[in-house]
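J.: The file below is target-v9.cif, mmCIF, C-alpha atoms:
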```
data_run
#
loop_
_atom_site.label_atom_id
_atom_site.label_comp_id
_atom_site.auth_asym_id
_atom_site.auth_seq_id
_atom_site.Cartn_x
_atom_site.Cartn_y
_atom_site.Cartn_z
CA GLN K 1 85.46 127.98 92.27
CA LEU K 2 86.39 124.73 94.03
CA ARG K 3 82.95 124.41 95.65
CA ILE K 4 81.14 125.38 92.42
CA VAL K 5 82.94 122.68 90.41
CA GLN K 6 82.44 120.14 93.20
CA TRP K 7 78.73 120.90 93.18
CA GLY K 8 78.71 120.46 89.39
CA PHE K 9 80.50 117.11 89.64
CA ARG K 10 78.06 115.92 92.31
CA VAL K 11 75.18 116.81 90.00
CA VAL K 12 76.86 114.75 87.24
CA LEU K 13 77.18 111.79 89.63
CA PHE K 14 73.54 112.14 90.69
CA LEU K 15 72.27 112.33 87.11
CA SER K 16 74.36 109.32 86.08
CA GLY K 17 72.97 107.30 88.99
CA THR K 18 76.47 106.72 90.38
CA LYS K 19 76.54 105.67 94.04
CA VAL K 20 79.90 106.34 95.70
CA ASP K 21 81.02 104.36 98.74
CA VAL K 22 83.70 106.60 100.31
CA ARG K 23 85.99 104.97 102.86
CA GLY K 24 88.87 106.24 104.99
CA GLU K 25 88.06 109.93 104.56
CA GLU K 26 89.44 110.53 108.04
CA ASN K 27 92.90 109.87 106.52
CA VAL K 28 92.70 113.06 104.41
CA PRO K 29 94.20 116.14 106.16
CA LYS K 30 91.89 119.16 105.99
CA ASP K 31 94.44 121.92 106.63
CA GLU K 32 97.52 121.10 104.54
CA ALA K 33 98.48 120.43 100.94
CA VAL K 34 99.00 116.76 100.04
CA LEU K 35 99.82 114.59 97.04
CA TYR K 36 96.90 112.33 96.12
CA ILE K 37 98.00 109.20 94.25
CA GLY K 38 95.43 106.91 92.67
CA ASN K 39 94.94 104.04 90.26
CA HIS K 40 93.30 104.99 86.97
CA ARG K 41 90.23 103.16 85.65
CA GLY K 42 88.34 105.86 83.78
CA PHE K 43 87.12 109.41 83.25
CA PHE K 44 84.99 109.31 86.40
CA ASP K 45 88.11 108.87 88.60
CA THR K 46 88.55 112.64 88.38
CA VAL K 47 84.86 113.49 88.81
CA ILE K 48 84.54 111.32 91.92
CA SER K 49 87.83 112.19 93.64
CA TYR K 50 87.62 115.94 92.91
CA SER K 51 84.13 116.12 94.38
CA ARG K 52 85.61 114.96 97.75
CA CYS K 53 88.69 117.25 98.00
CA PRO K 54 88.57 119.33 101.21
CA GLY K 55 90.78 122.09 99.79
CA LEU K 56 92.19 123.54 96.57
CA THR K 57 93.55 120.72 94.41
CA GLY K 58 95.13 120.67 90.98
CA TYR K 59 95.24 117.56 88.81
CA ILE K 60 98.10 116.55 86.55
CA SER K 61 96.58 115.38 83.28
CA LYS K 62 97.84 114.18 79.90
CA SER K 63 98.66 117.00 77.50
CA ASN K 64 96.03 115.92 74.94
CA VAL K 65 93.30 116.97 77.43
CA ALA K 66 94.58 120.54 77.02
CA LYS K 67 93.32 120.44 73.43
CA VAL K 68 89.67 120.01 74.46
CA PRO K 69 87.95 123.39 73.97
CA GLY K 70 86.46 124.87 77.14
CA LEU K 71 87.54 121.99 79.40
CA SER K 72 91.23 122.98 79.40
CA HIS K 73 90.32 126.60 80.25
CA TRP K 74 88.43 125.54 83.35
CA MET K 75 91.08 123.00 84.35
CA ARG K 76 93.81 125.65 84.21
CA ARG K 77 91.72 127.94 86.42
CA LEU K 78 91.53 125.06 88.88
CA TYR K 79 95.35 124.72 89.09
CA CYS K 80 95.48 121.70 86.78
CA LEU K 81 98.72 121.00 84.89
CA PHE K 82 99.17 119.19 81.57
CA ILE K 83 102.08 116.81 81.11
CA ASP K 84 103.55 115.40 77.91
CA ARG K 85 105.01 112.06 78.93
CA ASP K 86 107.01 111.85 75.70
CA ASP K 87 108.80 115.14 76.43
CA ILE K 88 111.13 114.62 79.40
CA LYS K 89 112.08 118.30 79.63
CA GLN K 90 108.45 119.46 79.62
CA GLY K 91 107.55 116.74 82.13
CA LEU K 92 110.23 117.95 84.53
CA LYS K 93 108.97 121.52 84.18
CA ILE K 94 105.42 120.42 85.11
CA ILE K 95 106.68 118.50 88.15
CA LEU K 96 108.56 121.63 89.29
CA GLN K 97 105.36 123.66 88.89
CA ALA K 98 103.49 121.08 90.94
CA ILE K 99 106.12 121.31 93.68
CA GLU K 100 105.60 125.09 93.82
CA GLN K 101 101.84 124.62 94.02
CA VAL K 102 102.16 122.27 96.98
CA LYS K 103 104.51 124.73 98.69
CA SER K 104 101.87 127.43 98.23
CA GLY K 105 99.18 125.25 99.85
CA ILE K 106 97.51 123.67 96.80
CA SER K 107 97.22 119.88 96.78
CA ILE K 108 98.08 117.85 93.69
CA CYS K 109 96.34 114.71 92.44
CA ILE K 110 97.86 112.38 89.86
CA PHE K 111 96.92 108.96 88.50
CA THR K 112 100.46 107.66 88.23
CA GLU K 113 99.86 104.67 85.97
CA GLY K 114 99.98 107.32 83.25
CA THR K 115 97.06 105.90 81.27
CA ARG K 116 93.81 104.08 81.90
CA ASN K 117 94.29 100.58 83.27
CA LYS K 118 92.09 98.10 81.38
CA ASN K 119 93.13 94.96 83.30
CA GLU K 120 90.12 92.90 84.37
CA ASN K 121 91.51 92.65 87.90
CA PRO K 122 91.71 96.23 89.27
CA ALA K 123 94.49 95.18 91.67
CA GLU K 124 96.80 94.44 88.70
CA LEU K 125 98.28 97.90 88.29
CA LEU K 126 100.44 99.34 85.54
CA PRO K 127 103.89 100.51 86.77
CA PHE K 128 103.71 103.81 88.64
CA LYS K 129 105.72 106.69 87.14
CA GLU K 130 108.46 107.44 89.70
CA GLY K 131 108.93 111.05 88.54
CA SER K 132 105.56 112.06 89.99
CA PHE K 133 106.77 111.28 93.49
CA LYS K 134 109.37 114.06 93.36
CA ILE K 135 106.44 116.31 94.32
CA ALA K 136 106.26 114.66 97.74
CA GLN K 137 110.00 114.09 98.14
CA LYS K 138 110.86 117.76 97.50
CA THR K 139 108.10 119.15 99.75
CA ASN K 140 107.80 116.28 102.27
CA CYS K 141 104.04 116.60 101.98
CA LYS K 142 101.92 113.60 102.90
CA ILE K 143 100.98 111.15 100.14
CA ILE K 144 97.36 110.07 100.30
CA PRO K 145 96.83 106.76 98.44
CA MET K 146 93.46 106.38 96.70
CA ALA K 147 91.96 103.08 95.56
CA LEU K 148 89.17 103.38 92.98
CA VAL K 149 86.98 100.45 91.94
CA HIS K 150 84.21 100.27 89.28
CA THR K 151 84.64 103.83 87.98
CA ASP K 152 84.95 102.34 84.48
CA ASP K 153 81.48 100.80 84.90
CA VAL K 154 79.96 104.29 84.68
CA PHE K 155 81.21 105.08 81.17
CA GLU K 156 84.10 103.18 79.56
CA ASN K 157 82.65 99.67 79.89
CA GLN K 158 79.57 100.62 77.84
CA PHE K 159 80.91 103.52 75.77
CA PRO K 160 79.30 105.79 74.58
CA TRP K 161 76.58 105.34 77.21
CA ILE K 162 76.62 106.33 80.86
CA LYS K 163 75.05 103.79 83.21
CA ARG K 164 74.34 103.40 86.91
CA ALA K 165 77.23 101.99 88.92
CA HIS K 166 78.31 101.41 92.49
CA VAL K 167 81.79 102.86 92.90
CA VAL K 168 84.26 102.55 95.78
CA LEU K 169 86.75 105.30 96.67
CA GLU K 170 89.02 104.43 99.56
CA TYR K 171 91.68 106.71 101.06
CA GLY K 172 94.61 104.95 102.70
CA LYS K 173 96.66 106.15 105.64
CA PRO K 174 99.00 109.07 104.83
CA ILE K 175 102.49 108.12 103.66
CA ILE K 176 105.31 110.46 104.75
CA PRO K 177 108.33 109.87 102.48
CA SER K 178 110.98 110.90 105.03
CA GLU K 179 109.69 108.32 107.53
CA LEU K 180 110.07 105.37 105.16
CA ALA K 181 113.05 103.02 104.99
CA LYS K 182 115.83 104.27 102.70
CA GLU K 183 115.12 101.59 100.10
CA ASP K 184 111.43 102.51 99.99
CA GLN K 185 112.34 106.19 99.65
CA LYS K 186 114.48 105.29 96.62
CA HIS K 187 111.58 103.45 94.97
CA LEU K 188 108.67 105.48 96.31
CA GLY K 189 106.50 104.79 93.26
CA ALA K 190 106.83 101.03 93.64
CA TYR K 191 106.16 101.32 97.39
CA CYS K 192 102.95 103.33 96.84
CA GLN K 193 101.91 100.97 94.05
CA GLY K 194 102.13 98.09 96.53
CA VAL K 195 100.03 100.00 99.07
CA ILE K 196 97.26 100.78 96.57
CA SER K 197 97.35 97.27 95.09
CA SER K 198 96.77 95.82 98.60
CA MET K 199 93.88 98.23 99.15
CA LEU K 200 92.31 97.17 95.85
CA GLU K 201 92.76 93.47 96.63
CA ASN K 202 90.95 93.96 99.95
CA ILE K 203 88.05 95.79 98.29
CA VAL K 204 87.70 93.14 95.54
CA SER K 205 87.96 90.31 98.08
CA GLU K 206 85.30 91.90 100.27
CA GLU K 207 82.97 92.28 97.27
CA ASN K 208 83.52 88.69 96.19
CA ASN K 209 82.69 87.49 99.69
CA LYS K 210 79.47 89.53 99.66
CA ASN K 211 78.43 88.08 96.32
CA SER K 212 79.29 84.46 97.12
#
```
Translate the structure described by the file into structure tokens.

T.:
Amino acid sequence: QLRIVQWGFRVVLFLSGTKVDVRGEENVPKDEAVLYIGNHRGFFDTVISYSRCPGLTGYISKSNVAKVPGLSHWMRRLYCLFIDRDDIKQGLKIILQAIEQVKSGISICIFTEGTRNKNENPAELLPFKEGSFKIAQKTNCKIIPMALVHTDDVFENQFPWIKRAHVVLEYGKPIIPSELAKEDQKHLGAYCQGVISSMLENIVSEENNKNS
């Protein structure tokens, strides 16, 4: 099912005219479950990142997505989990399920800003939700930071149309929670936010230099 959905997503990207510049793919382990953490610009964040996953991966999505007929059925079959951020008890239950999935060899991906970031500067991130990082802390799996740029140019920036766009997806070096300084372990979300913000700043700076 993973390969079938990936093929479907690649067809969507082709039909939309989206060109994806993938960087740092050598940082993604091929033979172990990881926690992917990314910034959130738009719907195509999922389409683009899922199409590159080397192994089974479940996404943690907002609970309102579960109400979309058909889509939620397929997402559940692909190990996706739905979190209600207003319900602390339910949120904890979903994080525990995600921990079990990682232990069983299924990677988890979550956009930890919690909602789509509409800031003009993609490097200006919304605060990362610290609870998500329990998945890595309890399993000591590697955290793979993802920096996504221009995904909102495909759809959100000209809603309801889909337009051609050049998108960047960069994978950072794996972060192993137990190897970080104690203070960074305590505030793992803030630490990872800093890593991804730096990655985004570098991408934006590089693009500005190209265009100047």

J.: Taking into account only C-alpha atoms, which residue in the set K:Arg85, K:Lys19, K:Arg10, K:Lys30 is nearest to Gly55 (chain K)?

T.: K:Lys30

J.: Sorted by chain and rising residue number, which residues of region 83-184 of chain K lie within 12 Å of region 198-203 of chain K, and what are their closest atom pairs and distances in Å to one decimal, counting all atoms listed in the file, as JSON lines?

T.:
```
{"residue": "K:Asn121", "atom": "CA", "partner": "K:Glu201", "partner_atom": "CA", "distance": 8.9}
{"residue": "K:Pro122", "atom": "CA", "partner": "K:Leu200", "partner_atom": "CA", "distance": 6.7}
{"residue": "K:Ala123", "atom": "CA", "partner": "K:Leu200", "partner_atom": "CA", "distance": 5.1}
{"residue": "K:Glu124", "atom": "CA", "partner": "K:Leu200", "partner_atom": "CA", "distance": 8.9}
{"residue": "K:Leu125", "atom": "CA", "partner": "K:Leu200", "partner_atom": "CA", "distance": 9.7}
{"residue": "K:Pro145", "atom": "CA", "partner": "K:Met199", "partner_atom": "CA", "distance": 9.1}
{"residue": "K:Met146", "atom": "CA", "partner": "K:Met199", "partner_atom": "CA", "distance": 8.5}
{"residue": "K:Ala147", "atom": "CA", "partner": "K:Leu200", "partner_atom": "CA", "distance": 5.9}
{"residue": "K:Leu148", "atom": "CA", "partner": "K:Leu200", "partner_atom": "CA", "distance": 7.5}
{"residue": "K:Val149", "atom": "CA", "partner": "K:Leu200", "partner_atom": "CA", "distance": 7.4}
{"residue": "K:His150", "atom": "CA", "partner": "K:Ile203", "partner_atom": "CA", "distance": 10.8}
{"residue": "K:Val167", "atom": "CA", "partner": "K:Ile203", "partner_atom": "CA", "distance": 10.9}
{"residue": "K:Val168", "atom": "CA", "partner": "K:Ile203", "partner_atom": "CA", "distance": 8.1}
{"residue": "K:Leu169", "atom": "CA", "partner": "K:Ile203", "partner_atom": "CA", "distance": 9.7}
{"residue": "K:Glu170", "atom": "CA", "partner": "K:Met199", "partner_atom": "CA", "distance": 7.9}
{"residue": "K:Tyr171", "atom": "CA", "partner": "K:Met199", "partner_atom": "CA", "distance": 9.0}
{"residue": "K:Gly172", "atom": "CA", "partner": "K:Met199", "partner_atom": "CA", "distance": 7.6}
{"residue": "K:Lys173", "atom": "CA", "partner": "K:Met199", "partner_atom": "CA", "distance": 10.6}
```

J.: Given the file above and the PyMOL selection byres ((chain K and resi 80) around 8), which residues are selected, and can you give them as number ranges by chain?

T.: K: 57-61, 75-79, 81-82

J.: My list of candidates is K:Asp86, K:Asp21, K:Asp45, K:Glu130. Which is closest to Phe9 (chain K) when distances are computed with only C-alpha atoms?

T.: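 Looking at the shortest contact to Phe9 (chain K), the residue is K:Asp45.
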
J.: K:Gly24, K:Gly42, K:Arg3, K:Asp31: which is nearest Val154 (chain K), counting all atoms listed in the file?

T.: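 Closest candidate: K:Gly42.
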
J.: Between CA of Gly17 (chain K) and CA of Ile196 (chain K), what distance in Å does the model show, to one decimal?

T.: 26.3 Å

J.: Using Å and a single decimal, report how far CA of Val47 (chain K) sits from CA of Gly8 (chain K).

T.: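 It comes out at 9.3 Å.
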